[in-house]
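The data block below is entry_31.txt; it holds compact mmCIF, N, CA and C atoms.
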# COMPACT_ATOMS: atom_id res chain seq x y z
N MET A 272 108.08 92.41 116.78
CA MET A 272 108.85 91.70 115.78
C MET A 272 110.24 92.33 115.68
N ARG A 273 111.22 91.48 115.66
CA ARG A 273 112.58 91.98 115.46
C ARG A 273 112.74 92.43 114.02
N GLU A 274 113.80 93.20 113.75
CA GLU A 274 114.02 93.73 112.41
C GLU A 274 114.20 92.63 111.38
N ILE A 275 114.95 91.58 111.72
CA ILE A 275 115.17 90.48 110.77
C ILE A 275 113.85 89.77 110.48
N GLU A 276 113.05 89.56 111.51
CA GLU A 276 111.75 88.93 111.31
C GLU A 276 110.88 89.80 110.42
N GLU A 277 110.93 91.11 110.65
CA GLU A 277 110.14 92.04 109.86
C GLU A 277 110.48 91.92 108.38
N LYS A 278 111.77 91.84 108.05
CA LYS A 278 112.19 91.68 106.65
C LYS A 278 111.72 90.36 106.07
N GLU A 279 111.85 89.29 106.84
CA GLU A 279 111.40 87.98 106.38
C GLU A 279 109.89 87.96 106.15
N ILE A 280 109.17 88.58 107.05
CA ILE A 280 107.71 88.65 106.92
C ILE A 280 107.33 89.45 105.68
N GLU A 281 108.00 90.56 105.47
CA GLU A 281 107.73 91.39 104.29
C GLU A 281 108.02 90.61 103.01
N GLN A 282 109.10 89.84 102.98
CA GLN A 282 109.42 89.01 101.81
C GLN A 282 108.36 87.94 101.60
N PHE A 283 107.91 87.32 102.68
CA PHE A 283 106.87 86.30 102.58
C PHE A 283 105.58 86.90 102.01
N ILE A 284 105.20 88.08 102.51
CA ILE A 284 104.01 88.77 102.02
C ILE A 284 104.17 89.09 100.54
N SER A 285 105.33 89.58 100.15
CA SER A 285 105.57 89.92 98.73
C SER A 285 105.43 88.70 97.83
N ARG A 286 106.03 87.57 98.25
CA ARG A 286 105.91 86.34 97.45
C ARG A 286 104.45 85.90 97.34
N MET A 287 103.74 86.00 98.43
CA MET A 287 102.34 85.59 98.45
C MET A 287 101.50 86.49 97.52
N MET A 288 101.74 87.79 97.58
CA MET A 288 100.98 88.72 96.74
C MET A 288 101.29 88.52 95.26
N ILE A 289 102.53 88.24 94.94
CA ILE A 289 102.89 87.98 93.54
C ILE A 289 102.23 86.69 93.07
N ASP A 290 102.21 85.67 93.93
CA ASP A 290 101.52 84.42 93.61
C ASP A 290 100.02 84.66 93.39
N MET A 291 99.50 85.63 94.09
CA MET A 291 98.08 85.95 93.96
C MET A 291 97.80 86.84 92.75
N GLY A 292 98.85 87.19 92.02
CA GLY A 292 98.67 87.93 90.77
C GLY A 292 98.66 89.44 90.91
N ILE A 293 99.18 89.96 92.00
CA ILE A 293 99.25 91.42 92.16
C ILE A 293 100.59 91.89 91.60
N PRO A 294 100.57 92.63 90.49
CA PRO A 294 101.84 93.10 89.91
C PRO A 294 102.54 94.09 90.84
N ALA A 295 103.84 93.92 91.03
CA ALA A 295 104.61 94.78 91.93
C ALA A 295 104.70 96.22 91.42
N ARG A 296 104.38 96.44 90.16
CA ARG A 296 104.46 97.79 89.60
C ARG A 296 103.30 98.68 90.05
N LEU A 297 102.25 98.09 90.61
CA LEU A 297 101.07 98.87 91.03
C LEU A 297 101.30 99.54 92.38
N LYS A 298 100.77 100.75 92.52
CA LYS A 298 100.80 101.41 93.83
C LYS A 298 100.04 100.56 94.85
N GLY A 299 98.96 99.96 94.41
CA GLY A 299 98.15 99.13 95.30
C GLY A 299 98.92 97.97 95.89
N TYR A 300 99.91 97.47 95.17
CA TYR A 300 100.77 96.40 95.67
C TYR A 300 101.50 96.88 96.92
N HIS A 301 102.08 98.05 96.84
CA HIS A 301 102.85 98.60 97.97
C HIS A 301 101.94 98.96 99.13
N TYR A 302 100.78 99.53 98.82
CA TYR A 302 99.82 99.87 99.87
C TYR A 302 99.31 98.60 100.54
N MET A 303 99.04 97.58 99.73
CA MET A 303 98.54 96.30 100.27
C MET A 303 99.58 95.66 101.18
N ARG A 304 100.83 95.65 100.75
CA ARG A 304 101.89 95.05 101.57
C ARG A 304 101.99 95.79 102.91
N CYS A 305 101.90 97.09 102.87
CA CYS A 305 101.93 97.90 104.09
C CYS A 305 100.71 97.56 104.96
N ALA A 306 99.56 97.43 104.36
CA ALA A 306 98.32 97.10 105.09
C ALA A 306 98.43 95.74 105.76
N VAL A 307 98.97 94.77 105.05
CA VAL A 307 99.12 93.42 105.61
C VAL A 307 100.12 93.44 106.76
N MET A 308 101.21 94.16 106.60
CA MET A 308 102.19 94.28 107.69
C MET A 308 101.53 94.88 108.93
N MET A 309 100.72 95.91 108.73
CA MET A 309 100.02 96.52 109.86
C MET A 309 99.06 95.53 110.51
N ALA A 310 98.36 94.76 109.68
CA ALA A 310 97.40 93.78 110.20
C ALA A 310 98.10 92.64 110.93
N VAL A 311 99.27 92.25 110.47
CA VAL A 311 100.03 91.20 111.15
C VAL A 311 100.41 91.68 112.56
N ARG A 312 100.78 92.95 112.66
CA ARG A 312 101.14 93.52 113.96
C ARG A 312 99.93 93.65 114.88
N ASP A 313 98.78 94.05 114.29
CA ASP A 313 97.56 94.26 115.08
C ASP A 313 96.35 94.03 114.18
N MET A 314 95.72 92.87 114.31
CA MET A 314 94.62 92.49 113.43
C MET A 314 93.39 93.41 113.57
N ARG A 315 93.34 94.19 114.64
CA ARG A 315 92.19 95.10 114.83
C ARG A 315 92.08 96.14 113.73
N VAL A 316 93.19 96.48 113.07
CA VAL A 316 93.13 97.50 112.02
C VAL A 316 92.25 97.07 110.86
N VAL A 317 92.11 95.76 110.66
CA VAL A 317 91.29 95.26 109.55
C VAL A 317 89.81 95.57 109.80
N GLY A 318 89.43 95.68 111.05
CA GLY A 318 88.04 96.00 111.38
C GLY A 318 87.72 97.47 111.19
N SER A 319 88.72 98.27 110.94
CA SER A 319 88.51 99.71 110.77
C SER A 319 89.43 100.25 109.68
N VAL A 320 89.24 99.73 108.48
CA VAL A 320 90.13 100.12 107.39
C VAL A 320 90.02 101.60 107.06
N THR A 321 88.82 102.15 107.12
CA THR A 321 88.66 103.56 106.72
C THR A 321 89.13 104.54 107.79
N LYS A 322 89.13 104.11 109.04
CA LYS A 322 89.54 105.02 110.11
C LYS A 322 90.97 104.83 110.57
N LEU A 323 91.51 103.63 110.42
CA LEU A 323 92.87 103.35 110.89
C LEU A 323 93.84 103.03 109.76
N LEU A 324 93.47 102.06 108.95
CA LEU A 324 94.40 101.52 107.96
C LEU A 324 94.70 102.50 106.82
N TYR A 325 93.67 102.93 106.10
CA TYR A 325 93.89 103.82 104.96
C TYR A 325 94.55 105.15 105.37
N PRO A 326 94.10 105.79 106.46
CA PRO A 326 94.76 107.05 106.84
C PRO A 326 96.25 106.88 107.16
N GLU A 327 96.61 105.78 107.82
CA GLU A 327 98.02 105.56 108.17
C GLU A 327 98.86 105.31 106.91
N ILE A 328 98.33 104.52 105.99
CA ILE A 328 99.05 104.26 104.74
C ILE A 328 99.16 105.54 103.92
N ALA A 329 98.06 106.31 103.87
CA ALA A 329 98.07 107.58 103.13
C ALA A 329 99.12 108.53 103.72
N ARG A 330 99.21 108.57 105.04
CA ARG A 330 100.20 109.42 105.69
C ARG A 330 101.62 108.98 105.32
N GLN A 331 101.87 107.66 105.35
CA GLN A 331 103.20 107.13 105.04
C GLN A 331 103.62 107.42 103.60
N TYR A 332 102.64 107.38 102.69
CA TYR A 332 102.95 107.55 101.27
C TYR A 332 102.64 108.94 100.73
N GLY A 333 102.16 109.83 101.59
CA GLY A 333 101.87 111.20 101.17
C GLY A 333 100.76 111.30 100.14
N THR A 334 99.67 110.57 100.37
CA THR A 334 98.54 110.58 99.45
C THR A 334 97.24 110.64 100.25
N SER A 335 96.11 110.45 99.60
CA SER A 335 94.82 110.54 100.29
C SER A 335 94.27 109.14 100.62
N ASN A 336 93.37 109.10 101.58
CA ASN A 336 92.72 107.84 101.95
C ASN A 336 92.01 107.21 100.75
N GLY A 337 91.32 108.04 99.99
CA GLY A 337 90.58 107.56 98.82
C GLY A 337 91.48 106.92 97.78
N LYS A 338 92.64 107.52 97.57
CA LYS A 338 93.58 106.96 96.59
C LYS A 338 94.14 105.63 97.07
N VAL A 339 94.37 105.51 98.37
CA VAL A 339 94.84 104.24 98.93
C VAL A 339 93.78 103.17 98.73
N GLU A 340 92.54 103.48 99.07
CA GLU A 340 91.43 102.52 98.93
C GLU A 340 91.28 102.08 97.48
N ARG A 341 91.28 103.02 96.55
CA ARG A 341 91.11 102.70 95.12
C ARG A 341 92.28 101.87 94.59
N ALA A 342 93.49 102.22 94.99
CA ALA A 342 94.67 101.48 94.51
C ALA A 342 94.65 100.04 95.01
N ILE A 343 94.26 99.85 96.27
CA ILE A 343 94.16 98.48 96.81
C ILE A 343 93.05 97.72 96.11
N ARG A 344 91.90 98.38 95.91
CA ARG A 344 90.78 97.72 95.22
C ARG A 344 91.18 97.32 93.80
N ASN A 345 91.89 98.20 93.10
CA ASN A 345 92.35 97.90 91.74
C ASN A 345 93.32 96.70 91.75
N ALA A 346 94.25 96.67 92.70
CA ALA A 346 95.19 95.56 92.80
C ALA A 346 94.45 94.24 93.04
N ILE A 347 93.43 94.28 93.88
CA ILE A 347 92.64 93.08 94.16
C ILE A 347 91.88 92.63 92.92
N GLU A 348 91.29 93.57 92.20
CA GLU A 348 90.55 93.23 90.99
C GLU A 348 91.47 92.58 89.95
N ILE A 349 92.66 93.13 89.78
CA ILE A 349 93.62 92.57 88.83
C ILE A 349 94.03 91.17 89.28
N SER A 350 94.32 91.02 90.57
CA SER A 350 94.75 89.71 91.06
C SER A 350 93.63 88.69 90.92
N TRP A 351 92.40 89.10 91.13
CA TRP A 351 91.26 88.19 91.05
C TRP A 351 91.11 87.64 89.64
N GLU A 352 91.50 88.46 88.64
CA GLU A 352 91.42 88.02 87.24
C GLU A 352 92.62 87.17 86.84
N ARG A 353 93.81 87.49 87.36
CA ARG A 353 95.05 86.87 86.88
C ARG A 353 95.70 85.90 87.84
N GLY A 354 95.29 85.91 89.08
CA GLY A 354 96.00 85.17 90.12
C GLY A 354 95.86 83.66 90.06
N ASN A 355 96.59 83.01 90.93
CA ASN A 355 96.62 81.57 91.04
C ASN A 355 95.31 81.07 91.66
N ARG A 356 94.49 80.39 90.90
CA ARG A 356 93.16 79.92 91.36
C ARG A 356 93.27 79.00 92.57
N GLN A 357 94.30 78.18 92.62
CA GLN A 357 94.46 77.27 93.76
C GLN A 357 94.69 78.05 95.05
N THR A 358 95.46 79.11 94.97
CA THR A 358 95.69 79.97 96.14
C THR A 358 94.38 80.60 96.57
N PHE A 359 93.60 81.09 95.61
CA PHE A 359 92.31 81.70 95.94
C PHE A 359 91.34 80.69 96.55
N ASP A 360 91.32 79.47 96.00
CA ASP A 360 90.46 78.43 96.57
C ASP A 360 90.81 78.17 98.03
N ARG A 361 92.10 78.12 98.30
CA ARG A 361 92.58 77.85 99.66
C ARG A 361 92.23 79.01 100.61
N MET A 362 92.41 80.23 100.14
CA MET A 362 92.23 81.39 101.01
C MET A 362 90.81 81.94 101.01
N PHE A 363 90.13 81.85 99.88
CA PHE A 363 88.80 82.46 99.74
C PHE A 363 87.78 81.48 99.20
N GLY A 364 87.83 80.25 99.64
CA GLY A 364 86.92 79.22 99.13
C GLY A 364 85.47 79.62 99.20
N TYR A 365 85.10 80.32 100.26
CA TYR A 365 83.70 80.73 100.44
C TYR A 365 83.25 81.68 99.32
N CYS A 366 84.13 82.53 98.84
CA CYS A 366 83.79 83.45 97.74
C CYS A 366 83.69 82.70 96.42
N MET A 367 84.64 81.78 96.23
CA MET A 367 84.70 81.04 94.98
C MET A 367 83.48 80.13 94.84
N GLU A 368 83.15 79.40 95.92
CA GLU A 368 82.06 78.44 95.87
C GLU A 368 80.70 79.10 95.77
N SER A 369 80.51 80.20 96.48
CA SER A 369 79.21 80.85 96.50
C SER A 369 78.99 81.73 95.28
N GLY A 370 80.06 81.99 94.53
CA GLY A 370 79.94 82.84 93.36
C GLY A 370 79.71 84.30 93.73
N GLN A 371 80.04 84.67 94.97
CA GLN A 371 79.77 86.04 95.41
C GLN A 371 80.78 87.05 94.89
N GLY A 372 81.73 86.61 94.11
CA GLY A 372 82.70 87.53 93.55
C GLY A 372 83.91 87.72 94.44
N ARG A 373 84.71 88.70 94.08
CA ARG A 373 85.96 88.91 94.80
C ARG A 373 85.68 89.39 96.23
N PRO A 374 86.61 89.10 97.12
CA PRO A 374 86.45 89.57 98.50
C PRO A 374 86.63 91.09 98.59
N THR A 375 86.15 91.66 99.67
CA THR A 375 86.34 93.09 99.91
C THR A 375 87.81 93.35 100.24
N ASN A 376 88.18 94.61 100.23
CA ASN A 376 89.55 94.98 100.59
C ASN A 376 89.91 94.43 101.96
N SER A 377 89.05 94.63 102.94
CA SER A 377 89.37 94.19 104.30
C SER A 377 89.42 92.67 104.40
N GLU A 378 88.55 91.95 103.69
CA GLU A 378 88.60 90.48 103.68
C GLU A 378 89.91 89.99 103.06
N TYR A 379 90.31 90.62 101.99
CA TYR A 379 91.53 90.23 101.28
C TYR A 379 92.75 90.46 102.18
N ILE A 380 92.83 91.64 102.78
CA ILE A 380 93.95 91.98 103.67
C ILE A 380 93.97 91.04 104.87
N ALA A 381 92.80 90.79 105.46
CA ALA A 381 92.71 89.91 106.63
C ALA A 381 93.14 88.49 106.29
N ALA A 382 92.76 88.00 105.12
CA ALA A 382 93.12 86.63 104.73
C ALA A 382 94.63 86.49 104.55
N ILE A 383 95.25 87.47 103.92
CA ILE A 383 96.71 87.40 103.74
C ILE A 383 97.39 87.51 105.10
N ALA A 384 96.94 88.45 105.93
CA ALA A 384 97.54 88.62 107.26
C ALA A 384 97.39 87.36 108.10
N ASP A 385 96.24 86.72 108.00
CA ASP A 385 96.02 85.48 108.76
C ASP A 385 96.98 84.38 108.27
N ALA A 386 97.14 84.27 106.96
CA ALA A 386 98.06 83.27 106.41
C ALA A 386 99.49 83.55 106.87
N VAL A 387 99.85 84.81 106.95
CA VAL A 387 101.20 85.18 107.42
C VAL A 387 101.35 84.79 108.90
N CYS A 388 100.33 85.08 109.71
CA CYS A 388 100.38 84.74 111.14
C CYS A 388 100.51 83.24 111.33
N VAL A 389 99.79 82.46 110.54
CA VAL A 389 99.89 80.99 110.61
C VAL A 389 101.29 80.56 110.24
N HIS A 390 101.84 81.15 109.18
CA HIS A 390 103.21 80.83 108.74
C HIS A 390 104.22 81.15 109.85
N ILE A 391 104.06 82.28 110.51
CA ILE A 391 104.97 82.68 111.59
C ILE A 391 104.91 81.67 112.73
N LYS A 392 103.69 81.26 113.11
CA LYS A 392 103.52 80.30 114.21
C LYS A 392 104.13 78.95 113.85
N GLU A 393 103.92 78.52 112.60
CA GLU A 393 104.50 77.25 112.15
C GLU A 393 106.02 77.31 112.15
N ALA A 394 106.57 78.43 111.72
CA ALA A 394 108.03 78.57 111.67
C ALA A 394 108.64 78.61 113.07
N ALA A 395 107.86 79.13 114.02
CA ALA A 395 108.36 79.24 115.40
C ALA A 395 108.35 77.90 116.14
N SER A 396 107.52 76.97 115.68
CA SER A 396 107.42 75.69 116.40
C SER A 396 108.27 74.60 115.79

As structure tokens:
Amino acid sequence: MREIEEKEIEQFISRMMIDMGIPARLKGYHYMRCAVMMAVRDMRVVGSVTKLLYPEIARQYGTSNGKVERAIRNAIEISWERGNRQTFDRMFGYCMESGQGRPTNSEYIAAIADAVCVHIKEAAS
């Protein structure tokens, strides 16, 4: 990704996360945005959040893997309570319909990253 694309992608992710009800004041917001950016670059990181994703984010922010995981989980819980239901229906319909509750951290990150990848492909065509 070129630098300009990277900025545009980061802005798109930020708008999407705010629409999903994640307050920008939370540490989890920043960790989540970083996680989604990493997943957009390489979706394999979502399959190994504890070994790849959390350690890299913790290194970048000078914190622990556990604190990254908890902050992201807290951001997701807050968004699940306050976020735009239509956005959740579109992205996580299977969770909403089955009543299984909020998605896991990796499901949430993967869904946002996938939506970003679709947006990038649509913008390129």

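The spacing separating atom CA of A:Arg286 from atom CA of A:Ser335 amounts to 26.8 Å.
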
Within 9 Å of stretch 336-349 of chain A, counting only C-alpha atoms, which residues qualify if same-chain residues fewer than 6 places away don't, as a count of residues only?
25

As a check of understanding: the span from atom CA of A:Ala381 to atom CA of A:Val317 is 6.3 Å

For atom N of A:Gly333 and atom C of A:Ala306, determine how far apart the two atoms are, in Å to one decimal place.
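So the two atoms, atom N of A:Gly333 and atom C of A:Ala306, lie 15.2 Å apart.
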
How would you write, as a ChimeraX atom specification, the set of residues in stretch 283-370 of chain A that DSSP gives as helix (DSSP H, G or I)?
/A:283-290,298-312,314-332,336-353,356-369

Closest of A:Met362, A:Ala384, A:Ile289, A:Ala295 to A:Arg312 - atom-to-atom distances counting all atoms listed in the file:
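Answer, going by the shortest atom-to-atom distance: A:Ala384.
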
Among the residues A:Glu378, A:Gly364, A:Gly354, A:Cys388, the one that comes closest to A:Asp290 [using only C-alpha atoms]:
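Of the candidates, the smallest distance to A:Asp290 is held by A:Gly354.
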
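Residues in contact range of A:His390, defined as at most 12 Å between only C-alpha atoms, with sequence neighbours fewer than 6 positions away removed, read Glu279, Ile280, Phe283, Ile284, Met287, Val311, Ile383, Ala384 and Ser396 of chain A.
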